[in-house]
>>> print(open('upload27.txt').read())   # compact mmCIF, C-alpha atoms and all ligand atoms
# COMPACT_ATOMS: atom_id res chain seq x y z
CA MET A 558 51.57 -86.47 -9.25
CA LYS A 559 48.00 -85.85 -10.43
CA VAL A 560 46.62 -82.43 -11.36
CA LEU A 561 44.80 -81.13 -8.29
CA GLY A 562 41.42 -79.40 -8.54
CA VAL A 563 41.54 -76.51 -6.06
CA GLY A 564 38.63 -74.95 -4.16
CA LEU A 565 39.16 -71.71 -2.23
CA ILE A 566 36.77 -70.49 0.50
CA GLY A 567 37.24 -66.80 1.38
CA THR A 568 39.12 -64.24 -0.70
CA GLY A 569 40.22 -61.62 1.85
CA TYR A 570 43.80 -61.11 3.04
CA MET A 571 44.62 -64.81 3.33
CA GLY A 572 42.34 -65.91 0.51
CA LYS A 573 44.32 -63.82 -1.94
CA CYS A 574 47.57 -65.16 -0.45
CA HIS A 575 46.40 -68.78 -1.03
CA ALA A 576 45.19 -67.90 -4.54
CA LEU A 577 48.59 -66.39 -5.41
CA ALA A 578 50.29 -69.50 -4.08
CA TRP A 579 48.11 -71.88 -6.10
CA ASN A 580 48.72 -69.71 -9.19
CA ALA A 581 52.51 -69.58 -8.70
CA VAL A 582 53.55 -72.91 -7.19
CA ALA A 583 54.15 -74.80 -10.44
CA SER A 584 56.11 -71.91 -12.00
CA VAL A 585 58.30 -71.38 -8.94
CA PHE A 586 59.13 -75.03 -8.23
CA GLY A 587 58.87 -76.61 -11.69
CA ASP A 588 58.42 -80.11 -10.22
CA VAL A 589 54.65 -80.22 -9.59
CA PRO A 590 51.78 -80.17 -12.10
CA ARG A 591 49.99 -76.84 -12.44
CA PRO A 592 46.88 -77.03 -10.21
CA ARG A 593 43.47 -76.37 -11.78
CA LEU A 594 41.79 -73.45 -9.99
CA ALA A 595 38.34 -75.02 -10.12
CA MET A 596 36.09 -72.92 -7.89
CA LEU A 597 36.03 -70.27 -5.19
CA ALA A 598 33.37 -69.46 -2.62
CA GLU A 599 32.60 -66.12 -1.03
CA ALA A 600 29.88 -64.77 1.25
CA SER A 601 27.80 -63.68 -1.79
CA GLN A 602 27.59 -64.82 -5.42
CA GLU A 603 28.38 -61.30 -6.64
CA LEU A 604 31.61 -61.06 -4.65
CA ALA A 605 32.55 -64.63 -5.61
CA ASP A 606 32.10 -63.86 -9.34
CA ARG A 607 34.30 -60.75 -9.11
CA LYS A 608 37.04 -62.52 -7.13
CA ALA A 609 37.02 -65.55 -9.45
CA ARG A 610 37.79 -63.22 -12.37
CA GLU A 611 40.56 -61.44 -10.41
CA LEU A 612 42.21 -64.56 -9.00
CA GLY A 613 41.88 -66.85 -12.02
CA PHE A 614 39.29 -69.40 -10.79
CA GLU A 615 37.01 -71.17 -13.30
CA ARG A 616 33.78 -71.05 -11.28
CA ALA A 617 32.37 -69.12 -8.33
CA THR A 618 29.69 -69.73 -5.72
CA GLY A 619 28.04 -67.88 -2.85
CA ASP A 620 27.50 -71.20 -1.05
CA TRP A 621 30.65 -72.86 0.33
CA ARG A 622 28.80 -76.16 0.83
CA SER A 623 28.39 -76.57 -2.93
CA LEU A 624 32.17 -76.07 -3.28
CA VAL A 625 33.12 -78.76 -0.75
CA SER A 626 30.76 -81.29 -2.37
CA ASP A 627 31.92 -80.55 -5.94
CA PRO A 628 33.42 -83.73 -7.47
CA THR A 629 36.05 -81.82 -9.48
CA ILE A 630 37.71 -80.48 -6.32
CA ASP A 631 40.51 -82.42 -4.60
CA VAL A 632 41.79 -79.87 -2.08
CA VAL A 633 40.07 -77.01 -0.24
CA SER A 634 41.80 -73.86 1.01
CA ILE A 635 39.90 -72.42 4.00
CA THR A 636 40.67 -68.74 4.58
CA THR A 637 37.51 -67.50 6.30
CA PRO A 638 37.28 -65.99 9.81
CA ASN A 639 38.24 -68.40 12.62
CA ALA A 640 34.71 -69.36 13.69
CA PHE A 641 33.97 -70.92 10.27
CA HIS A 642 37.00 -73.23 10.20
CA PRO A 643 35.53 -76.30 12.00
CA ASP A 644 32.33 -76.63 9.93
CA MET A 645 34.13 -75.98 6.64
CA ALA A 646 37.12 -78.25 7.34
CA ILE A 647 34.99 -81.12 8.67
CA ALA A 648 32.55 -80.91 5.72
CA ALA A 649 35.45 -80.88 3.24
CA LEU A 650 37.18 -83.85 4.90
CA GLU A 651 33.90 -85.80 5.06
CA ALA A 652 33.48 -85.14 1.32
CA GLY A 653 36.92 -86.74 0.77
CA LYS A 654 38.88 -83.52 0.09
CA HIS A 655 42.33 -82.62 1.35
CA VAL A 656 42.25 -79.46 3.49
CA TRP A 657 44.58 -76.48 3.88
CA CYS A 658 43.06 -74.44 6.68
CA GLU A 659 44.26 -71.11 8.04
CA LYS A 660 45.29 -70.80 11.66
CA PRO A 661 44.01 -70.94 14.34
CA MET A 662 42.29 -74.30 13.80
CA ALA A 663 39.23 -73.23 15.75
CA THR A 664 38.14 -70.91 18.52
CA ARG A 665 37.26 -73.78 20.90
CA LEU A 666 39.58 -76.68 21.69
CA GLU A 667 36.75 -79.21 21.36
CA ASP A 668 36.20 -78.04 17.76
CA ALA A 669 39.91 -78.42 16.96
CA GLU A 670 39.74 -81.97 18.38
CA ARG A 671 36.69 -82.67 16.16
CA MET A 672 38.65 -81.40 13.15
CA LEU A 673 41.50 -83.77 13.99
CA ALA A 674 39.05 -86.70 14.36
CA ALA A 675 37.55 -85.87 10.94
CA ALA A 676 41.05 -85.73 9.40
CA CYS A 677 41.99 -89.12 10.90
CA ALA A 678 38.70 -90.70 9.76
CA SER A 679 39.10 -89.35 6.21
CA GLY A 680 42.72 -90.38 5.67
CA ARG A 681 43.14 -87.13 3.72
CA VAL A 682 45.90 -84.55 4.22
CA ALA A 683 44.83 -81.83 6.66
CA ALA A 684 47.36 -79.02 7.01
CA LEU A 685 47.39 -75.61 8.66
CA GLY A 686 48.50 -72.18 7.50
CA TYR A 687 51.68 -71.84 9.54
CA ASN A 688 53.65 -70.10 6.79
CA TYR A 689 56.41 -68.65 8.99
CA ILE A 690 57.94 -72.11 9.52
CA GLN A 691 58.55 -72.17 5.75
CA ASN A 692 61.06 -69.30 5.74
CA PRO A 693 64.38 -70.62 4.34
CA VAL A 694 66.03 -68.78 7.23
CA MET A 695 64.00 -70.91 9.70
CA ARG A 696 65.39 -74.02 8.05
CA LEU A 697 68.87 -72.55 8.54
CA ILE A 698 68.09 -71.94 12.23
CA ARG A 699 67.02 -75.58 12.53
CA ARG A 700 70.33 -76.69 11.09
CA ILE A 701 72.31 -74.36 13.39
CA LEU A 702 70.46 -75.89 16.35
CA SER A 703 70.83 -79.51 15.24
CA ASP A 704 74.54 -78.95 14.49
CA GLY A 705 74.91 -77.87 18.14
CA GLN A 706 76.43 -74.55 17.11
CA ILE A 707 74.84 -72.66 20.02
CA GLY A 708 75.11 -75.62 22.38
CA GLU A 709 72.25 -76.64 24.67
CA VAL A 710 69.29 -74.27 24.50
CA ASN A 711 68.32 -73.01 27.94
CA HIS A 712 66.01 -70.06 27.20
CA VAL A 713 63.83 -68.74 24.37
CA ARG A 714 61.98 -65.42 23.95
CA LEU A 715 59.16 -65.12 21.46
CA GLU A 716 57.33 -61.91 20.60
CA MET A 717 54.68 -61.11 18.03
CA ASP A 718 53.52 -57.51 17.72
CA GLU A 719 51.49 -55.54 15.17
CA ASP A 720 49.58 -52.28 15.38
CA PHE A 721 46.46 -52.95 13.30
CA MET A 722 44.34 -52.79 16.49
CA ALA A 723 46.36 -50.08 18.24
CA ASP A 724 43.95 -47.22 17.55
CA PRO A 725 41.14 -47.28 20.15
CA GLU A 726 38.90 -45.40 17.70
CA ASP A 727 39.14 -48.04 14.95
CA PRO A 728 35.73 -49.69 14.50
CA PHE A 729 34.69 -52.92 16.21
CA TYR A 730 35.07 -55.96 13.88
CA TRP A 731 35.12 -59.76 14.13
CA LYS A 732 38.53 -59.93 15.82
CA SER A 733 37.06 -58.19 18.91
CA GLU A 734 34.19 -60.71 19.16
CA ALA A 735 34.49 -63.66 21.55
CA SER A 736 33.39 -65.90 18.67
CA SER A 737 36.85 -65.27 17.10
CA GLY A 738 38.64 -66.82 20.12
CA HIS A 739 40.62 -65.45 23.06
CA GLY A 740 42.28 -62.61 21.11
CA ALA A 741 46.01 -62.11 20.58
CA LEU A 742 46.77 -65.58 21.98
CA ASP A 743 45.09 -67.54 19.22
CA ASP A 744 45.35 -64.82 16.57
CA PHE A 745 49.09 -64.25 17.12
CA GLY A 746 50.40 -66.65 19.80
CA VAL A 747 49.96 -69.69 17.58
CA HIS A 748 52.52 -68.35 15.07
CA PRO A 749 55.52 -68.12 17.45
CA LEU A 750 54.33 -71.42 18.94
CA SER A 751 54.50 -73.00 15.48
CA LEU A 752 58.12 -71.81 15.23
CA LEU A 753 58.87 -73.09 18.70
CA TRP A 754 57.29 -76.44 17.79
CA VAL A 755 59.48 -77.02 14.71
CA LEU A 756 62.67 -75.58 16.23
CA LEU A 757 62.65 -76.71 19.85
CA GLY A 758 59.60 -78.93 20.44
CA GLY A 759 56.57 -78.68 22.69
CA VAL A 760 55.61 -76.72 25.80
CA ARG A 761 55.09 -78.45 29.16
CA ARG A 762 53.57 -75.73 31.40
CA VAL A 763 52.39 -72.14 31.03
CA CYS A 764 51.58 -69.17 33.27
CA ALA A 765 49.77 -66.39 31.43
CA HIS A 766 48.35 -62.88 31.79
CA MET A 767 45.94 -61.31 29.27
CA LEU A 768 44.84 -57.70 28.90
CA LYS A 769 42.15 -55.76 27.04
CA PRO A 770 43.86 -52.39 26.40
CA TYR A 771 40.55 -50.82 25.28
CA ALA A 772 37.20 -51.58 26.92
CA ASP A 773 35.08 -50.72 23.86
CA ARG A 774 35.24 -49.63 20.22
CA PRO A 775 32.98 -47.55 17.98
CA VAL A 776 30.35 -49.39 15.96
CA GLN A 777 29.54 -48.40 12.40
CA GLY A 778 26.30 -46.41 12.46
CA GLY A 779 26.89 -45.03 15.95
CA GLY A 780 27.46 -46.09 19.56
CA ARG A 781 30.19 -48.28 21.02
CA ARG A 782 30.45 -52.00 21.68
CA ALA A 783 32.35 -53.71 24.50
CA VAL A 784 35.53 -55.50 23.33
CA GLU A 785 35.29 -59.22 24.10
CA THR A 786 38.85 -60.38 23.28
CA TYR A 787 42.30 -59.72 24.77
CA ASP A 788 44.70 -57.87 22.46
CA ILE A 789 47.76 -58.33 24.73
CA ALA A 790 49.08 -61.50 26.39
CA THR A 791 52.29 -62.34 28.27
CA VAL A 792 53.17 -65.94 29.09
CA LEU A 793 55.92 -67.72 31.02
CA LEU A 794 56.77 -71.07 29.45
CA GLU A 795 58.45 -74.26 30.56
CA LEU A 796 59.41 -76.30 27.50
CA GLU A 797 59.32 -80.09 27.32
CA SER A 798 63.12 -79.91 26.89
CA GLY A 799 63.36 -78.23 30.31
CA ALA A 800 64.33 -74.83 28.86
CA SER A 801 62.43 -71.74 30.02
CA GLY A 802 60.68 -69.27 27.76
CA LEU A 803 58.68 -66.09 27.47
CA LEU A 804 55.95 -65.37 24.92
CA ALA A 805 54.63 -61.82 24.51
CA VAL A 806 51.95 -60.96 21.93
CA ASN A 807 50.34 -57.60 21.26
CA ARG A 808 48.11 -56.59 18.37
CA SER A 809 47.79 -53.02 19.64
CA ALA A 810 51.55 -52.31 19.59
CA TRP A 811 51.96 -48.93 17.86
CA GLY A 812 54.85 -48.94 15.42
CA ARG A 813 55.19 -52.70 15.12
CA LYS A 814 54.07 -53.83 11.66
CA GLY A 815 54.91 -57.50 11.41
CA ARG A 816 57.23 -58.33 14.26
CA ILE A 817 57.76 -61.98 15.11
CA ALA A 818 60.94 -61.81 17.13
CA LEU A 819 62.75 -64.88 18.27
CA GLN A 820 65.77 -65.10 20.56
CA ILE A 821 67.20 -68.53 21.29
CA PHE A 822 69.89 -68.63 23.97
CA GLY A 823 72.20 -71.64 24.30
CA SER A 824 75.27 -72.69 26.26
CA LYS A 825 77.57 -71.70 23.36
CA GLY A 826 75.73 -68.93 21.54
CA THR A 827 72.56 -67.08 20.59
CA ILE A 828 70.29 -66.92 17.53
CA VAL A 829 68.16 -63.83 16.81
CA PHE A 830 65.45 -63.49 14.14
CA ASP A 831 62.74 -60.93 13.41
CA GLN A 832 60.07 -61.39 10.73
CA GLU A 833 60.26 -57.62 10.00
CA ARG A 834 63.72 -58.48 8.61
CA MET A 835 62.71 -61.93 7.40
CA ASN A 836 65.72 -62.43 5.09
CA GLU A 837 68.37 -62.42 7.78
CA VAL A 838 69.42 -64.20 10.93
CA GLN A 839 71.83 -63.02 13.60
CA LEU A 840 74.20 -65.57 15.07
CA TYR A 841 76.55 -65.16 18.02
CA THR A 842 78.93 -67.94 18.96
CA ALA A 843 81.16 -67.86 21.99
CA ASP A 844 84.11 -69.49 20.24
CA GLY A 845 87.13 -67.70 18.77
CA ALA A 846 89.15 -64.81 20.16
CA LYS A 847 87.31 -62.82 22.85
CA ASP A 848 88.21 -59.50 21.21
CA ARG A 849 86.53 -60.53 17.90
CA GLN A 850 83.22 -61.78 19.28
CA GLY A 851 79.93 -60.28 18.18
CA PHE A 852 76.73 -61.09 16.30
CA CYS A 853 77.16 -61.85 12.62
CA THR A 854 74.36 -61.30 10.10
CA ILE A 855 73.62 -64.11 7.65
CA LEU A 856 71.60 -62.97 4.63
CA ALA A 857 69.25 -65.43 2.93
CA GLY A 858 70.42 -66.67 -0.45
CA PRO A 859 70.25 -69.63 -2.84
CA GLN A 860 72.38 -71.68 -0.44
CA HIS A 861 69.29 -71.71 1.84
CA PRO A 862 66.73 -73.83 -0.04
CA PRO A 863 64.15 -73.29 -1.36
CA TYR A 864 65.23 -69.62 -1.80
CA ASP A 865 67.03 -70.82 -4.96
CA ARG A 866 63.67 -71.71 -6.57
CA PHE A 867 62.64 -68.04 -6.45
CA ILE A 868 65.81 -66.06 -7.16
CA PRO A 869 69.38 -67.09 -8.11
CA ALA A 870 70.94 -64.03 -6.44
CA PRO A 871 71.65 -63.85 -2.67
CA GLY A 872 70.50 -60.94 -0.53
CA HIS A 873 67.59 -59.97 -2.81
CA GLY A 874 65.04 -61.37 -0.39
CA LEU A 875 61.79 -63.31 -0.33
CA GLY A 876 58.47 -61.84 0.84
CA PHE A 877 55.52 -62.91 2.97
CA ASN A 878 53.53 -64.31 0.03
CA ASP A 879 56.51 -66.45 -1.00
CA LEU A 880 56.25 -68.35 2.31
CA LYS A 881 52.72 -69.37 1.28
CA ILE A 882 54.01 -70.60 -2.08
CA ILE A 883 56.54 -72.78 -0.24
CA GLU A 884 53.79 -74.03 2.08
CA CYS A 885 51.61 -74.82 -0.95
CA HIS A 886 54.45 -76.84 -2.47
CA GLU A 887 54.94 -78.78 0.77
CA LEU A 888 51.19 -79.48 0.84
CA MET A 889 51.27 -80.82 -2.72
CA ARG A 890 54.19 -83.07 -1.82
CA ARG A 891 52.33 -84.40 1.23
CA ILE A 892 49.24 -85.06 -0.91
CA ALA A 893 51.47 -86.98 -3.34
CA GLY A 894 52.60 -89.15 -0.41
CA GLU A 895 56.03 -87.56 -0.05
CA LYS A 896 57.69 -86.36 3.16
CA ALA A 897 56.87 -82.69 3.68
CA HIS A 898 57.52 -79.88 6.17
CA LEU A 899 54.03 -78.88 7.36
CA ILE A 900 52.02 -78.52 10.55
CA ASP A 901 49.13 -80.94 10.21
CA PHE A 902 45.98 -81.15 12.32
CA GLU A 903 47.64 -83.53 14.80
CA GLU A 904 50.48 -81.11 15.54
CA GLY A 905 48.04 -78.21 15.24
CA VAL A 906 45.91 -79.59 18.05
CA ARG A 907 48.98 -79.64 20.28
CA ILE A 908 49.48 -75.93 19.56
CA GLU A 909 45.78 -75.32 20.26
CA ARG A 910 45.99 -77.19 23.59
CA THR A 911 48.92 -74.97 24.57
CA VAL A 912 47.05 -71.79 23.61
CA HIS A 913 43.90 -72.82 25.47
CA ALA A 914 45.99 -73.76 28.50
CA MET A 915 47.42 -70.22 28.36
CA ALA A 916 43.95 -68.65 28.32
CA ARG A 917 42.86 -70.87 31.17
CA SER A 918 46.00 -70.00 33.12
CA ALA A 919 45.25 -66.29 32.71
CA HIS A 920 41.67 -66.75 33.94
CA GLU A 921 42.65 -68.98 36.88
CA ARG A 922 45.87 -67.04 37.66
CA ARG A 923 48.05 -70.14 38.00
CA TRP A 924 50.47 -72.40 36.12
CA ILE A 925 48.69 -74.93 33.87
CA GLU A 926 50.03 -78.08 32.18
CA ALA A 927 49.94 -77.40 28.41
CA GLY A 928 48.22 -80.73 27.67
CA GLU A 929 45.50 -80.24 30.31
CA SER A 930 41.91 -80.41 29.10
CA GLU A 931 39.91 -77.26 28.56
CA SER A 932 37.27 -78.06 31.18
CA GLY A 933 37.03 -75.22 33.63
CA GLU A 934 38.17 -72.58 31.12
CA SER A 935 36.06 -69.49 31.58
P1 LIG B 1001 39.46 -61.37 5.91
O1 LIG B 1001 38.35 -60.75 6.67
O2 LIG B 1001 40.42 -60.51 5.15
O3 LIG B 1001 38.89 -62.43 4.87
C1 LIG B 1001 37.89 -63.36 5.23
C2 LIG B 1001 37.10 -63.65 3.95
O4 LIG B 1001 36.15 -64.67 4.22
C3 LIG B 1001 36.32 -62.43 3.45
O5 LIG B 1001 36.58 -62.23 2.08
C4 LIG B 1001 34.87 -62.82 3.71
O6 LIG B 1001 33.96 -62.24 2.81
C5 LIG B 1001 34.95 -64.34 3.55
N1 LIG B 1001 33.81 -65.03 4.14
C6 LIG B 1001 33.17 -64.73 5.29
N2 LIG B 1001 32.15 -65.59 5.47
C7 LIG B 1001 32.14 -66.43 4.42
C8 LIG B 1001 31.31 -67.53 4.02
N3 LIG B 1001 30.27 -67.92 4.77
N4 LIG B 1001 31.59 -68.17 2.86
C9 LIG B 1001 32.64 -67.78 2.09
N5 LIG B 1001 33.47 -66.74 2.41
C10 LIG B 1001 33.21 -66.07 3.56
O7 LIG B 1001 40.23 -62.29 6.98
P2 LIG B 1001 41.74 -62.75 6.91
O8 LIG B 1001 42.60 -61.74 7.59
O9 LIG B 1001 42.05 -63.23 5.57
O10 LIG B 1001 41.68 -63.98 7.95
C11 LIG B 1001 41.13 -65.20 7.54
C12 LIG B 1001 41.81 -66.32 8.30
O11 LIG B 1001 43.20 -66.29 7.97
C13 LIG B 1001 41.72 -66.18 9.80
O12 LIG B 1001 41.48 -67.45 10.36
C14 LIG B 1001 43.08 -65.65 10.22
O13 LIG B 1001 43.46 -66.09 11.52
C15 LIG B 1001 43.98 -66.27 9.18
N6 LIG B 1001 45.20 -65.46 8.90
C16 LIG B 1001 46.39 -66.14 8.77
C17 LIG B 1001 47.55 -65.43 8.52
C18 LIG B 1001 48.85 -66.18 8.34
O14 LIG B 1001 49.92 -65.56 8.34
N7 LIG B 1001 48.82 -67.48 8.18
C19 LIG B 1001 47.52 -64.03 8.38
C20 LIG B 1001 46.28 -63.38 8.48
C21 LIG B 1001 45.13 -64.12 8.75
>>> encode(input="upload27.txt", output="structure tokens", more="lines below")
Ligand code: NAD
Amino acid sequence: MKVLGVGLIGTGYMGKCHALAWNAVASVFGDVPRPRLAMLAEASQELADRKARELGFERATGDWRSLVSDPTIDVVSITTPNAFHPDMAIAALEAGKHVWCEKPMATRLEDAERMLAAACASGRVAALGYNYIQNPVMRLIRRILSDGQIGEVNHVRLEMDEDFMADPEDPFYWKSEASSGHGALDDFGVHPLSLLWVLLGGVRRVCAHMLKPYADRPVQGGGRRAVETYDIATVLLELESGASGLLAVNRSAWGRKGRIALQIFGSKGTIVFDQERMNEVQLYTADGAKDRQGFCTILAGPQHPPYDRFIPAPGHGLGFNDLKIIECHELMRRIAGEKAHLIDFEEGVRIERTVHAMARSAHERRWIEAGESESGES
């Protein structure tokens, strides 16, 4: 495996998370060469210089285009607001770089399709930031399902709730602008859909409702601005497997801090997971004596790889940033030509089609096929 030159665009919440992953991946896994943190880009040279010092990057630039064309860079992490993803990812792929882009792919389906076309034309690895699929507990859930331990899955409930937009007096920022996408659907909905995709497969049809809980928000410097995105969405799902489902997302849900709750109901049992308790899974199986039945709690431990690469002791727990380190390792393996557990642009576009079908369904107030084109979306 060659030493990768890493470029990072954006150093906010996710930028720091990617930087920590690139810094830690070789130490945690011990089987990949330590990447060279070649350059980072920020919105200004001054900010870029400061962040490069903090995050351990050799060089800094206020112009992301000079980063993607730099010959010492092999892979580009894109962690900027959603609207920037298509231009940055396509430019990086056209310059021959591998790309690790944060979700959602883009705010418009046609841009996500262009990103996929650029990835196919380049032959480079193009992966998305769907870190929750990397939880060792998710891999356990996959095994429980494939072992048939809960029988045939007939229903799934997916919820993602946080309260960072719950206060109506919090100032207007980019997540309330239409340029960021539909709102909670593509900000949040894509995450539970990524879990659904790896655990149970695709979605056939959707019927959605979206809501703006607050009509406007205060603007810095005075006045108020109309909110353009929908912070709440509720969607009925029909899966390709024939199972039914329900997706509920809310980024104005007071009290919820990082909930991604999953309930999978089968003919012989039930699996329950919540990201707020990301180191455990609840399993109910209908076998055994009726008077002893109940959910059991399985705590994550070294028997659930790659937990063992972080900590030898069970029950001590991984954290959110560790999922990004695992994702980074999978990306490096894919770049080296190995089999890896990632959502690439091809699978990502399927998630995007589903999300855009949901938005269209909400606007047209009818069921929509998940693969239907975006034309007619208002
Ligand atoms: P953020 O606002 O914290 O950070 C964005 C950064 O991009 C800022 O530092 C900003 O200065 C920088 N930036 C803006 N314009 C730039 C430009 N032209 N050139 C270089 N840098 C520029 O946002 P965030 O919360 O980190 O979200 C970024 C992306 O990450 C979004 O697409 C979001 O959906 C995604 N995200 C993913 C997860 C996850 O769990 N995978 C979690 C949160 C956010």
>>> residues_near_ligand(input="upload27.txt", ligand="ligand LIG 1001 (chain B)", cutoff="6 Å", atoms="only C-alpha atoms and all ligand atoms", output="PDB file with C-alpha atoms, keeping the file's coordinate frame")
ATOM      1  CA  ILE A 566      36.770 -70.490   0.500  1.00  0.00           C
ATOM      2  CA  GLY A 567      37.240 -66.800   1.380  1.00  0.00           C
ATOM      3  CA  THR A 568      39.120 -64.240  -0.700  1.00  0.00           C
ATOM      4  CA  GLY A 569      40.220 -61.620   1.850  1.00  0.00           C
ATOM      5  CA  TYR A 570      43.800 -61.110   3.040  1.00  0.00           C
ATOM      6  CA  MET A 571      44.620 -64.810   3.330  1.00  0.00           C
ATOM      7  CA  GLY A 572      42.340 -65.910   0.510  1.00  0.00           C
ATOM      8  CA  ALA A 598      33.370 -69.460  -2.620  1.00  0.00           C
ATOM      9  CA  GLU A 599      32.600 -66.120  -1.030  1.00  0.00           C
ATOM     10  CA  ALA A 600      29.880 -64.770   1.250  1.00  0.00           C
ATOM     11  CA  TRP A 621      30.650 -72.860   0.330  1.00  0.00           C
ATOM     12  CA  THR A 636      40.670 -68.740   4.580  1.00  0.00           C
ATOM     13  CA  THR A 637      37.510 -67.500   6.300  1.00  0.00           C
ATOM     14  CA  PRO A 638      37.280 -65.990   9.810  1.00  0.00           C
ATOM     15  CA  ASN A 639      38.240 -68.400  12.620  1.00  0.00           C
ATOM     16  CA  GLU A 659      44.260 -71.110   8.040  1.00  0.00           C
ATOM     17  CA  LYS A 660      45.290 -70.800  11.660  1.00  0.00           C
ATOM     18  CA  PRO A 661      44.010 -70.940  14.340  1.00  0.00           C
ATOM     19  CA  GLY A 686      48.500 -72.180   7.500  1.00  0.00           C
ATOM     20  CA  TYR A 687      51.680 -71.840   9.540  1.00  0.00           C
ATOM     21  CA  ASN A 688      53.650 -70.100   6.790  1.00  0.00           C
ATOM     22  CA  ASP A 744      45.350 -64.820  16.570  1.00  0.00           C
TER      23      ASP A 744
END
>>> atom_distance(input="upload27.txt", atom1="CA of Val710 (chain A)", atom2="CA of Asn807 (chain A)")
25.4 Å
>>> closest_atom_pairs(input="upload27.txt", of="region 625-736 of chain A", to="region 781-799 of chain A", cutoff="12 Å", atoms="all atoms listed in the file", output="JSON lines")
{"residue": "A:Thr664", "atom": "CA", "partner": "A:Thr786", "partner_atom": "CA", "distance": 11.6}
{"residue": "A:Glu709", "atom": "CA", "partner": "A:Ser798", "partner_atom": "CA", "distance": 9.9}
{"residue": "A:Val710", "atom": "CA", "partner": "A:Ser798", "partner_atom": "CA", "distance": 8.7}
{"residue": "A:Asn711", "atom": "CA", "partner": "A:Gly799", "partner_atom": "CA", "distance": 7.6}
{"residue": "A:His712", "atom": "CA", "partner": "A:Leu796", "partner_atom": "CA", "distance": 9.1}
{"residue": "A:Val713", "atom": "CA", "partner": "A:Leu794", "partner_atom": "CA", "distance": 9.0}
{"residue": "A:Arg714", "atom": "CA", "partner": "A:Leu794", "partner_atom": "CA", "distance": 9.5}
{"residue": "A:Leu715", "atom": "CA", "partner": "A:Val792", "partner_atom": "CA", "distance": 9.7}
{"residue": "A:Glu716", "atom": "CA", "partner": "A:Thr791", "partner_atom": "CA", "distance": 9.2}
{"residue": "A:Met717", "atom": "CA", "partner": "A:Ile789", "partner_atom": "CA", "distance": 10.0}
{"residue": "A:Asp718", "atom": "CA", "partner": "A:Ile789", "partner_atom": "CA", "distance": 9.1}
{"residue": "A:Glu719", "atom": "CA", "partner": "A:Asp788", "partner_atom": "CA", "distance": 10.2}
{"residue": "A:Asp720", "atom": "CA", "partner": "A:Asp788", "partner_atom": "CA", "distance": 10.3}
{"residue": "A:Phe721", "atom": "CA", "partner": "A:Asp788", "partner_atom": "CA", "distance": 10.5}
{"residue": "A:Met722", "atom": "CA", "partner": "A:Asp788", "partner_atom": "CA", "distance": 7.8}
{"residue": "A:Ala723", "atom": "CA", "partner": "A:Asp788", "partner_atom": "CA", "distance": 9.0}
{"residue": "A:Asp724", "atom": "CA", "partner": "A:Asp788", "partner_atom": "CA", "distance": 11.8}
{"residue": "A:Pro725", "atom": "CA", "partner": "A:Val784", "partner_atom": "CA", "distance": 10.4}
{"residue": "A:Glu726", "atom": "CA", "partner": "A:Arg781", "partner_atom": "CA", "distance": 9.8}
{"residue": "A:Asp727", "atom": "CA", "partner": "A:Arg781", "partner_atom": "CA", "distance": 10.8}
{"residue": "A:Pro728", "atom": "CA", "partner": "A:Arg781", "partner_atom": "CA", "distance": 8.7}
{"residue": "A:Phe729", "atom": "CA", "partner": "A:Arg782", "partner_atom": "CA", "distance": 7.0}
{"residue": "A:Tyr730", "atom": "CA", "partner": "A:Val784", "partner_atom": "CA", "distance": 9.5}
{"residue": "A:Trp731", "atom": "CA", "partner": "A:Thr786", "partner_atom": "CA", "distance": 9.9}
{"residue": "A:Lys732", "atom": "CA", "partner": "A:Thr786", "partner_atom": "CA", "distance": 7.5}
{"residue": "A:Ser733", "atom": "CA", "partner": "A:Thr786", "partner_atom": "CA", "distance": 5.2}
{"residue": "A:Glu734", "atom": "CA", "partner": "A:Glu785", "partner_atom": "CA", "distance": 5.3}
{"residue": "A:Ala735", "atom": "CA", "partner": "A:Glu785", "partner_atom": "CA", "distance": 5.2}
{"residue": "A:Ser736", "atom": "CA", "partner": "A:Glu785", "partner_atom": "CA", "distance": 8.8}
>>> closest_atom_pairs(input="upload27.txt", of="region 683-760 of chain A", to="region 665-673 of chain A", cutoff="10 Å", atoms="only C-alpha atoms", output="CSV")
residue,atom,partner,partner_atom,distance
A:Ala683,CA,A:Leu673,CA,8.3
A:Ser736,CA,A:Arg665,CA,9.1
A:Ser737,CA,A:Arg665,CA,9.3
A:Gly738,CA,A:Arg665,CA,7.1
A:His739,CA,A:Arg665,CA,9.2
>>> atom_distance(input="upload27.txt", atom1="CA of Val560 (chain A)", atom2="CA of Lys608 (chain A)")
22.5 Å
>>> closest_residue(input="upload27.txt", among="A:His913, A:His642, A:His748, A:Arg813", to="Gln691 (chain A)", atoms="only C-alpha atoms")
A:His748
>>> residues_around(input="upload27.txt", residues="Met889 (chain A)", least_positions_apart="5", cutoff="9 Å", atoms="all atoms listed in the file", output="list of chain:residue names")
A:Met558, A:Leu561, A:Val589, A:Glu884, A:Gly894, A:Glu895, A:Ala897
>>> closest_residue(input="upload27.txt", among="A:Leu565, A:Ala609, A:Val582, A:Ile900", to="Asn878 (chain A)", atoms="only C-alpha atoms")
A:Val582
>>> residues_around(input="upload27.txt", residues="region 819-830 of chain A", least_positions_apart="5", cutoff="10 Å", atoms="all atoms listed in the file", output="ChimeraX atom specification")
/A:694-695,698,701-702,705-717,749,752-753,756-757,800,802-804,835-844,852-854
>>> atom_distance(input="upload27.txt", atom1="CA of Val632 (chain A)", atom2="CA of Leu597 (chain A)")
11.6 Å
